[in-house]
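S.K.: What follows is my_file-v2.pdb; its format and atoms are PDB, C-alpha atoms.
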```
ATOM      1  CA  MET S  13    -108.321 -65.100 -63.120
ATOM      2  CA  MET S  14    -111.678 -66.721 -63.816
ATOM      3  CA  PHE S  15    -114.670 -64.407 -64.063
ATOM      4  CA  GLN S  16    -118.195 -65.327 -63.028
ATOM      5  CA  VAL S  17    -121.562 -64.786 -64.687
ATOM      6  CA  ASN S  18    -122.737 -61.157 -64.194
ATOM      7  CA  ASP S  19    -119.197 -59.872 -63.573
ATOM      8  CA  LEU S  20    -118.345 -56.619 -65.322
ATOM      9  CA  VAL S  21    -115.183 -56.875 -67.386
ATOM     10  CA  VAL S  22    -113.316 -54.805 -69.942
ATOM     11  CA  PHE S  23    -112.500 -56.754 -73.090
ATOM     12  CA  GLY S  24    -110.299 -55.404 -75.867
ATOM     13  CA  THR S  25    -111.879 -52.709 -77.999
ATOM     14  CA  HIS S  26    -115.381 -53.804 -76.988
ATOM     15  CA  GLY S  27    -115.017 -51.897 -73.732
ATOM     16  CA  ILE S  28    -117.094 -52.706 -70.712
ATOM     17  CA  CYS S  29    -119.070 -55.944 -70.929
ATOM     18  CA  LYS S  30    -121.164 -58.152 -68.680
ATOM     19  CA  VAL S  31    -120.338 -61.856 -68.515
ATOM     20  CA  LYS S  32    -123.588 -63.512 -69.647
ATOM     21  CA  SER S  33    -122.439 -67.134 -69.542
ATOM     22  CA  ILE S  34    -119.428 -69.426 -69.359
ATOM     23  CA  GLY S  35    -119.302 -72.738 -71.135
ATOM     24  CA  ASN S  36    -118.695 -74.667 -74.328
ATOM     25  CA  LEU S  37    -119.920 -73.202 -77.590
ATOM     26  CA  GLN S  38    -121.782 -75.177 -80.200
ATOM     27  CA  MET S  39    -120.488 -73.117 -83.094
ATOM     28  CA  TYR S  40    -118.636 -73.988 -86.249
ATOM     29  CA  ALA S  41    -115.358 -72.213 -85.410
ATOM     30  CA  ALA S  42    -115.380 -72.951 -81.666
ATOM     31  CA  ASP S  43    -113.247 -75.649 -80.076
ATOM     32  CA  GLU S  44    -115.769 -77.931 -78.358
ATOM     33  CA  GLU S  45    -113.268 -78.735 -75.596
ATOM     34  CA  ARG S  46    -112.657 -75.118 -74.550
ATOM     35  CA  LEU S  47    -114.635 -72.922 -72.201
ATOM     36  CA  TYR S  48    -115.763 -69.558 -73.534
ATOM     37  CA  TYR S  49    -117.073 -66.383 -71.997
ATOM     38  CA  THR S  50    -120.180 -64.996 -73.640
ATOM     39  CA  LEU S  51    -119.955 -61.250 -73.111
ATOM     40  CA  LYS S  52    -122.565 -58.556 -73.684
ATOM     41  CA  PRO S  53    -120.961 -55.179 -74.506
ATOM     42  CA  LEU S  54    -122.849 -52.507 -72.563
ATOM     43  CA  TYR S  55    -122.327 -49.717 -75.106
ATOM     44  CA  GLU S  56    -122.336 -51.529 -78.453
ATOM     45  CA  GLU S  57    -125.964 -51.758 -79.531
ATOM     46  CA  HIS S  58    -125.093 -53.526 -82.791
ATOM     47  CA  GLN S  59    -123.137 -56.216 -80.938
ATOM     48  CA  SER S  60    -125.430 -58.715 -79.214
ATOM     49  CA  ALA S  61    -122.649 -60.961 -77.882
ATOM     50  CA  VAL S  62    -118.902 -61.436 -77.995
ATOM     51  CA  TYR S  63    -117.292 -64.818 -77.441
ATOM     52  CA  THR S  64    -113.779 -65.333 -76.147
ATOM     53  CA  PRO S  65    -111.989 -68.368 -74.742
ATOM     54  CA  VAL S  66    -111.606 -68.295 -70.967
ATOM     55  CA  ASP S  67    -107.879 -68.936 -71.505
ATOM     56  CA  ASN S  68    -107.515 -66.196 -74.160
ATOM     57  CA  ARG S  69    -103.987 -64.743 -74.113
ATOM     58  CA  LYS S  70    -104.233 -62.478 -77.197
ATOM     59  CA  THR S  71    -106.870 -59.935 -76.209
ATOM     60  CA  PRO S  72    -106.702 -58.519 -72.680
ATOM     61  CA  ILE S  73    -109.696 -59.026 -70.419
ATOM     62  CA  ARG S  74    -109.735 -57.524 -66.956
ATOM     63  CA  PRO S  75    -112.164 -56.665 -64.176
ATOM     64  CA  ALA S  76    -113.965 -53.361 -64.681
ATOM     65  CA  SER S  77    -112.866 -50.444 -62.517
ATOM     66  CA  THR S  78    -114.520 -50.068 -59.143
ATOM     67  CA  ARG S  79    -116.136 -46.836 -58.002
ATOM     68  CA  GLU S  80    -113.069 -46.071 -55.854
ATOM     69  CA  GLU S  81    -110.664 -46.695 -58.755
ATOM     70  CA  ALA S  82    -112.732 -44.465 -61.049
ATOM     71  CA  ILE S  83    -112.765 -41.600 -58.530
ATOM     72  CA  LYS S  84    -109.015 -41.971 -57.945
ATOM     73  CA  LEU S  85    -108.319 -41.822 -61.700
ATOM     74  CA  ILE S  86    -110.474 -38.726 -62.172
ATOM     75  CA  ASP S  87    -108.784 -37.034 -59.197
ATOM     76  CA  GLN S  88    -105.363 -37.784 -60.744
ATOM     77  CA  ILE S  89    -106.126 -36.103 -64.097
ATOM     78  CA  PRO S  90    -104.006 -32.977 -63.406
ATOM     79  CA  GLU S  91    -100.967 -35.206 -62.727
ATOM     80  CA  ILE S  92    -101.452 -37.527 -65.711
ATOM     81  CA  GLU S  93     -98.759 -36.859 -68.280
ATOM     82  CA  THR S  94     -99.584 -35.915 -71.832
ATOM     83  CA  ILE S  95     -97.832 -37.936 -74.502
ATOM     84  CA  TRP S  96     -97.525 -35.731 -77.540
ATOM     85  CA  VAL S  97     -95.209 -37.055 -80.271
ATOM     86  CA  LEU S  98     -94.576 -34.711 -83.209
ATOM     87  CA  ASP S  99     -94.103 -37.401 -85.857
ATOM     88  CA  ASP S 100     -97.561 -38.578 -87.031
ATOM     89  CA  ARG S 101     -96.556 -42.225 -87.468
ATOM     90  CA  GLN S 102     -94.762 -42.464 -84.147
ATOM     91  CA  ARG S 103     -97.697 -40.758 -82.411
ATOM     92  CA  GLU S 104    -100.136 -43.203 -83.979
ATOM     93  CA  GLY S 105     -97.904 -46.088 -82.878
ATOM     94  CA  LYS S 106     -97.838 -44.770 -79.308
ATOM     95  CA  PHE S 107    -101.622 -44.302 -79.245
ATOM     96  CA  LYS S 108    -102.178 -47.777 -80.721
ATOM     97  CA  GLU S 109     -99.882 -49.277 -78.071
ATOM     98  CA  LEU S 110    -101.823 -47.518 -75.293
ATOM     99  CA  MET S 111    -105.187 -48.593 -76.733
ATOM    100  CA  LEU S 112    -104.112 -52.241 -76.840
ATOM    101  CA  LYS S 113    -103.005 -52.207 -73.181
ATOM    102  CA  ASN S 114    -106.675 -52.002 -72.215
ATOM    103  CA  ASP S 115    -105.970 -49.624 -69.333
ATOM    104  CA  CYS S 116    -107.893 -46.558 -68.141
ATOM    105  CA  THR S 117    -104.760 -44.544 -67.386
ATOM    106  CA  GLY S 118    -103.499 -44.981 -70.953
ATOM    107  CA  TRP S 119    -106.894 -44.029 -72.356
ATOM    108  CA  MET S 120    -106.903 -40.987 -70.072
ATOM    109  CA  GLN S 121    -103.458 -39.994 -71.381
ATOM    110  CA  ILE S 122    -104.777 -40.091 -74.955
ATOM    111  CA  VAL S 123    -107.928 -38.151 -74.052
ATOM    112  CA  LYS S 124    -106.038 -35.496 -72.097
ATOM    113  CA  THR S 125    -103.307 -35.115 -74.729
ATOM    114  CA  LEU S 126    -105.681 -34.854 -77.664
ATOM    115  CA  TYR S 127    -108.192 -32.648 -75.840
ATOM    116  CA  LEU S 128    -105.465 -30.125 -75.034
ATOM    117  CA  LYS S 129    -104.013 -30.387 -78.531
ATOM    118  CA  LYS S 130    -107.451 -29.870 -80.076
ATOM    119  CA  GLN S 131    -108.068 -26.764 -77.931
ATOM    120  CA  LYS S 132    -104.727 -25.327 -79.003
ATOM    121  CA  ARG S 133    -105.356 -26.058 -82.697
ATOM    122  CA  LEU S 134    -108.867 -24.590 -82.539
ATOM    123  CA  ALA S 135    -107.426 -21.409 -81.003
ATOM    124  CA  GLU S 136    -105.023 -21.262 -83.962
ATOM    125  CA  GLY S 137    -107.890 -21.762 -86.435
ATOM    126  CA  LYS S 138    -106.759 -25.307 -87.304
ATOM    127  CA  LYS S 139    -108.382 -28.724 -87.178
ATOM    128  CA  ASN S 140    -107.105 -31.946 -85.646
ATOM    129  CA  THR S 141    -105.824 -34.670 -87.920
ATOM    130  CA  ALA S 142    -108.252 -37.475 -88.767
ATOM    131  CA  LYS S 143    -106.023 -40.037 -86.982
ATOM    132  CA  ASP S 144    -105.890 -37.939 -83.817
ATOM    133  CA  ASP S 145    -109.677 -37.568 -83.907
ATOM    134  CA  LEU S 146    -110.032 -41.349 -84.361
ATOM    135  CA  TYR S 147    -107.853 -42.182 -81.342
ATOM    136  CA  TYR S 148    -109.502 -39.456 -79.278
ATOM    137  CA  SER S 149    -112.935 -40.882 -80.058
ATOM    138  CA  MET S 150    -111.895 -44.494 -79.365
ATOM    139  CA  ALA S 151    -110.180 -43.613 -76.078
ATOM    140  CA  GLU S 152    -113.135 -41.451 -74.981
ATOM    141  CA  ASP S 153    -115.617 -44.191 -75.773
ATOM    142  CA  LEU S 154    -113.763 -46.884 -73.815
ATOM    143  CA  LEU S 155    -112.809 -44.642 -70.897
ATOM    144  CA  TYR S 156    -116.150 -42.890 -70.457
ATOM    145  CA  GLY S 157    -118.074 -46.147 -70.764
ATOM    146  CA  GLU S 158    -116.080 -47.826 -68.027
ATOM    147  CA  LEU S 159    -116.130 -44.809 -65.706
ATOM    148  CA  ALA S 160    -119.870 -44.273 -66.267
ATOM    149  CA  VAL S 161    -120.627 -47.823 -65.162
ATOM    150  CA  ALA S 162    -118.247 -47.598 -62.179
ATOM    151  CA  LEU S 163    -119.837 -44.346 -61.005
ATOM    152  CA  ASP S 164    -123.373 -45.274 -62.080
ATOM    153  CA  VAL S 165    -123.857 -42.128 -64.184
ATOM    154  CA  ASP S 166    -124.478 -41.318 -67.835
ATOM    155  CA  LYS S 167    -121.465 -41.195 -70.188
ATOM    156  CA  THR S 168    -122.100 -37.510 -70.946
ATOM    157  CA  LYS S 169    -121.657 -36.650 -67.261
ATOM    158  CA  ILE S 170    -118.294 -38.412 -67.329
ATOM    159  CA  LYS S 171    -117.212 -36.367 -70.351
ATOM    160  CA  ASN S 172    -118.112 -33.157 -68.499
ATOM    161  CA  MET S 173    -116.282 -34.333 -65.368
ATOM    162  CA  ILE S 174    -113.135 -35.120 -67.342
ATOM    163  CA  THR S 175    -113.031 -31.947 -69.421
ATOM    164  CA  LYS S 176    -113.514 -29.785 -66.305
ATOM    165  CA  ARG S 177    -110.434 -31.381 -64.754
ATOM    166  CA  VAL S 178    -108.226 -31.107 -67.846
ATOM    167  CA  HIS S 179    -106.693 -27.640 -67.626
ATOM    168  CA  VAL S 180    -105.250 -25.864 -70.628
ATOM    169  CA  GLU S 181    -102.062 -25.034 -68.767
ATOM    170  CA  GLU S 182     -99.676 -27.233 -70.691
ATOM    171  CA  ASN S 183     -98.013 -26.521 -73.997
ATOM    172  CA  ILE S 184     -98.171 -29.433 -76.342
TER
END
```
Mind converting the file's structure to structure tokens?
M.R.:
Amino acid sequence: MMFQVNDLVVFGTHGICKVKSIGNLQMYAADEERLYYTLKPLYEEHQSAVYTPVDNRKTPIRPASTREEAIKLIDQIPEIETIWVLDDRQREGKFKELMLKNDCTGWMQIVKTLYLKKQKRLAEGKKNTAKDDLYYSMAEDLLYGELAVALDVDKTKIKNMITKRVHVEENI
């Protein structure tokens, strides 16, 4: 699928981006024969542009969620399965796999799982592990950014919407 200038896309760990231009790059490391997307991440202030070949097969790039898709995902939160894995390494592997899929449902699974786990641990007077907090933060950032753009609201409103729909009814 070829994107057009001004399309909103989700690219790897950069999250939601706007396609600023498409063309050849006059840069040292760029193949002069290839077409590249120049992307502007919407929520990475330190990142002015990201360049990726149009025919990139390594890092997933997809169209950003529509308003309807965002609403449907939020409405499905109670049915989205949590994915708790007791073994720290296996859990990290599962979370890493979901992050790399570049998919809102996977990010939502991580957010829901770790939100519920964090609530349970806080009630027990414990803290989350640093790795769990890292994946929670990464998944939140990517998910909330994409949903905020789709619904044309601030990211903090998305966080409130999500946490209201995640019920502490499951045992993790």
S.K.: Name all residues at most 10 Å from Ser60 (chain S) (count all atoms listed in the file; drop same-chain ones fewer than 4 positions away) and give them as a PyMOL selection string.
M.R.: chain S and resi 50-54+56
S.K.: Please produce a file of those selected residues containing C-alpha atoms, as a PDB file, in the frame of the given file.
M.R.:
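To be explicit, this is the file written out as out23.pdb:
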```pdb
ATOM      1  CA  THR S  50    -120.180 -64.996 -73.640  1.00  0.00           C
ATOM      2  CA  LEU S  51    -119.955 -61.250 -73.111  1.00  0.00           C
ATOM      3  CA  LYS S  52    -122.565 -58.556 -73.684  1.00  0.00           C
ATOM      4  CA  PRO S  53    -120.961 -55.179 -74.506  1.00  0.00           C
ATOM      5  CA  LEU S  54    -122.849 -52.507 -72.563  1.00  0.00           C
ATOM      6  CA  GLU S  56    -122.336 -51.529 -78.453  1.00  0.00           C
TER       7      GLU S  56
END
```
S.K.: What lies within 8 Å of region 112-115 of chain S using only C-alpha atoms, ignoring chain neighbours under 2 positions off, as a ChimeraX atom specification?
M.R.: /S:22-25,72-73,108-110,117-119
S.K.: Could you write out the selected residues, including C-alpha atoms, as a PDB file, in the frame of the given file?
M.R.:
```
ATOM      1  CA  VAL S  22    -113.316 -54.805 -69.942  1.00  0.00           C
ATOM      2  CA  PHE S  23    -112.500 -56.754 -73.090  1.00  0.00           C
ATOM      3  CA  GLY S  24    -110.299 -55.404 -75.867  1.00  0.00           C
ATOM      4  CA  THR S  25    -111.879 -52.709 -77.999  1.00  0.00           C
ATOM      5  CA  PRO S  72    -106.702 -58.519 -72.680  1.00  0.00           C
ATOM      6  CA  ILE S  73    -109.696 -59.026 -70.419  1.00  0.00           C
ATOM      7  CA  LYS S 108    -102.178 -47.777 -80.721  1.00  0.00           C
ATOM      8  CA  GLU S 109     -99.882 -49.277 -78.071  1.00  0.00           C
ATOM      9  CA  LEU S 110    -101.823 -47.518 -75.293  1.00  0.00           C
ATOM     10  CA  THR S 117    -104.760 -44.544 -67.386  1.00  0.00           C
ATOM     11  CA  GLY S 118    -103.499 -44.981 -70.953  1.00  0.00           C
ATOM     12  CA  TRP S 119    -106.894 -44.029 -72.356  1.00  0.00           C
TER      13      TRP S 119
END
```
S.K.: Evaluating the PyMOL selection byres ((chain S and resi 103) around 12) on the displayed file yields which residues, as a list in words?
M.R.: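 Matching residues under the PyMOL selection byres ((chain S and resi 103) around 12) are Thr94, Ile95, Trp96, Val97, Leu98, Asp99, Asp100, Arg101, Gln102, Glu104, Gly105, Lys106, Phe107, Lys108, Glu109, Leu110, Ile122, Thr125, Leu126, Thr141, Lys143, Asp144 and Tyr147 of chain S.
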S.K.: Box for region 28-38 of chain S: with edges along x, y and z, all listed atoms inside and 3 Å added on each side, what are the centre and edge lengths in Å to one decimal, as JSON?
M.R.:
```
{"center_x": -120.3, "center_y": -63.9, "center_z": -74.4, "size_x": 12.5, "size_y": 28.5, "size_z": 17.7}
```
S.K.: Using only C-alpha atoms, determine which residues lie at most 9 Å from Lys129 (chain S), disregarding the query and same-chain residues fewer than 2 positions distant; provide the list as number ranges by chain.
M.R.: S: 96, 124-127, 131-134, 140, 183-184
S.K.: Would you mind listing what lies within 9 Å of Ile89 (chain S) as a PDB file with C-alpha atoms, keeping the file's coordinate frame, with only C-alpha atoms counted and same-chain residues fewer than 5 positions away left out?
M.R.:
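Result file is out-v1.pdb:
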```
ATOM      1  CA  LYS S  84    -109.015 -41.971 -57.945  1.00  0.00           C
ATOM      2  CA  MET S 120    -106.903 -40.987 -70.072  1.00  0.00           C
ATOM      3  CA  GLN S 121    -103.458 -39.994 -71.381  1.00  0.00           C
ATOM      4  CA  LYS S 124    -106.038 -35.496 -72.097  1.00  0.00           C
ATOM      5  CA  ILE S 174    -113.135 -35.120 -67.342  1.00  0.00           C
ATOM      6  CA  ARG S 177    -110.434 -31.381 -64.754  1.00  0.00           C
ATOM      7  CA  VAL S 178    -108.226 -31.107 -67.846  1.00  0.00           C
TER       8      VAL S 178
END
```
S.K.: So, counting all atoms listed in the file, which residue among S:Arg69, S:Arg79, S:Lys139, S:Lys167 is closest to Met13 (chain S)?
M.R.: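 Using all atoms listed in the file, Met13 (chain S) sits closest to S:Arg69.
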S.K.: Starting from the displayed file, determine the output of the PyMOL selection byres ((chain S and resi 30-45) around 12) and express the residue list as JSON, numbers by chain.
M.R.: {"S": [14, 15, 16, 17, 18, 19, 20, 21, 22, 23, 26, 27, 28, 29, 46, 47, 48, 49, 50, 51, 52, 53, 54, 55, 56, 60, 61, 62, 63, 64, 65, 66, 67, 73, 74, 75, 76, 158, 161]}
S.K.: With C-alpha atoms retained, export the selected residues as a PDB file, in the frame of the given file.
M.R.:
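Here's the written file again-v2.pdb:
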```pdb
ATOM      1  CA  MET S  14    -111.678 -66.721 -63.816  1.00  0.00           C
ATOM      2  CA  PHE S  15    -114.670 -64.407 -64.063  1.00  0.00           C
ATOM      3  CA  GLN S  16    -118.195 -65.327 -63.028  1.00  0.00           C
ATOM      4  CA  VAL S  17    -121.562 -64.786 -64.687  1.00  0.00           C
ATOM      5  CA  ASN S  18    -122.737 -61.157 -64.194  1.00  0.00           C
ATOM      6  CA  ASP S  19    -119.197 -59.872 -63.573  1.00  0.00           C
ATOM      7  CA  LEU S  20    -118.345 -56.619 -65.322  1.00  0.00           C
ATOM      8  CA  VAL S  21    -115.183 -56.875 -67.386  1.00  0.00           C
ATOM      9  CA  VAL S  22    -113.316 -54.805 -69.942  1.00  0.00           C
ATOM     10  CA  PHE S  23    -112.500 -56.754 -73.090  1.00  0.00           C
ATOM     11  CA  HIS S  26    -115.381 -53.804 -76.988  1.00  0.00           C
ATOM     12  CA  GLY S  27    -115.017 -51.897 -73.732  1.00  0.00           C
ATOM     13  CA  ILE S  28    -117.094 -52.706 -70.712  1.00  0.00           C
ATOM     14  CA  CYS S  29    -119.070 -55.944 -70.929  1.00  0.00           C
ATOM     15  CA  ARG S  46    -112.657 -75.118 -74.550  1.00  0.00           C
ATOM     16  CA  LEU S  47    -114.635 -72.922 -72.201  1.00  0.00           C
ATOM     17  CA  TYR S  48    -115.763 -69.558 -73.534  1.00  0.00           C
ATOM     18  CA  TYR S  49    -117.073 -66.383 -71.997  1.00  0.00           C
ATOM     19  CA  THR S  50    -120.180 -64.996 -73.640  1.00  0.00           C
ATOM     20  CA  LEU S  51    -119.955 -61.250 -73.111  1.00  0.00           C
ATOM     21  CA  LYS S  52    -122.565 -58.556 -73.684  1.00  0.00           C
ATOM     22  CA  PRO S  53    -120.961 -55.179 -74.506  1.00  0.00           C
ATOM     23  CA  LEU S  54    -122.849 -52.507 -72.563  1.00  0.00           C
ATOM     24  CA  TYR S  55    -122.327 -49.717 -75.106  1.00  0.00           C
ATOM     25  CA  GLU S  56    -122.336 -51.529 -78.453  1.00  0.00           C
ATOM     26  CA  SER S  60    -125.430 -58.715 -79.214  1.00  0.00           C
ATOM     27  CA  ALA S  61    -122.649 -60.961 -77.882  1.00  0.00           C
ATOM     28  CA  VAL S  62    -118.902 -61.436 -77.995  1.00  0.00           C
ATOM     29  CA  TYR S  63    -117.292 -64.818 -77.441  1.00  0.00           C
ATOM     30  CA  THR S  64    -113.779 -65.333 -76.147  1.00  0.00           C
ATOM     31  CA  PRO S  65    -111.989 -68.368 -74.742  1.00  0.00           C
ATOM     32  CA  VAL S  66    -111.606 -68.295 -70.967  1.00  0.00           C
ATOM     33  CA  ASP S  67    -107.879 -68.936 -71.505  1.00  0.00           C
ATOM     34  CA  ILE S  73    -109.696 -59.026 -70.419  1.00  0.00           C
ATOM     35  CA  ARG S  74    -109.735 -57.524 -66.956  1.00  0.00           C
ATOM     36  CA  PRO S  75    -112.164 -56.665 -64.176  1.00  0.00           C
ATOM     37  CA  ALA S  76    -113.965 -53.361 -64.681  1.00  0.00           C
ATOM     38  CA  GLU S 158    -116.080 -47.826 -68.027  1.00  0.00           C
ATOM     39  CA  VAL S 161    -120.627 -47.823 -65.162  1.00  0.00           C
TER      40      VAL S 161
END
```
S.K.: Could you please determine the separation between CA of Leu155 (chain S) and CA of Cys116 (chain S) in Å, to one decimal place?
M.R.: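 Atom-to-atom, CA of Leu155 (chain S) to CA of Cys116 (chain S), that is 6.0 Å.
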S.K.: Quick check, in Å to one decimal: how far apart do CA of Gln88 (chain S) and CA of Glu136 (chain S) lie?
M.R.: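 Computing the Euclidean distance for CA of Gln88 (chain S) and CA of Glu136 (chain S) yields 28.5 Å.
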S.K.: Evaluate the PyMOL selection byres ((chain S and resi 163) around 9) on the structure here and hand back the selected residues as number ranges by chain.
M.R.: S: 78-80, 82-83, 158-162, 164-166, 170
S.K.: Just to confirm, what's the straight-line distance from CA of Tyr156 (chain S) to CA of Asn172 (chain S) in Å (one decimal)?
M.R.: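 Here the two named atoms are 10.1 Å from each other.
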S.K.: So which one's closest to Ser149 (chain S), S:Thr71, S:Glu91, S:Val123, S:Thr168? Using all atoms listed in the file, please.
M.R.: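 Selected residue with least distance to Ser149 (chain S): S:Val123.
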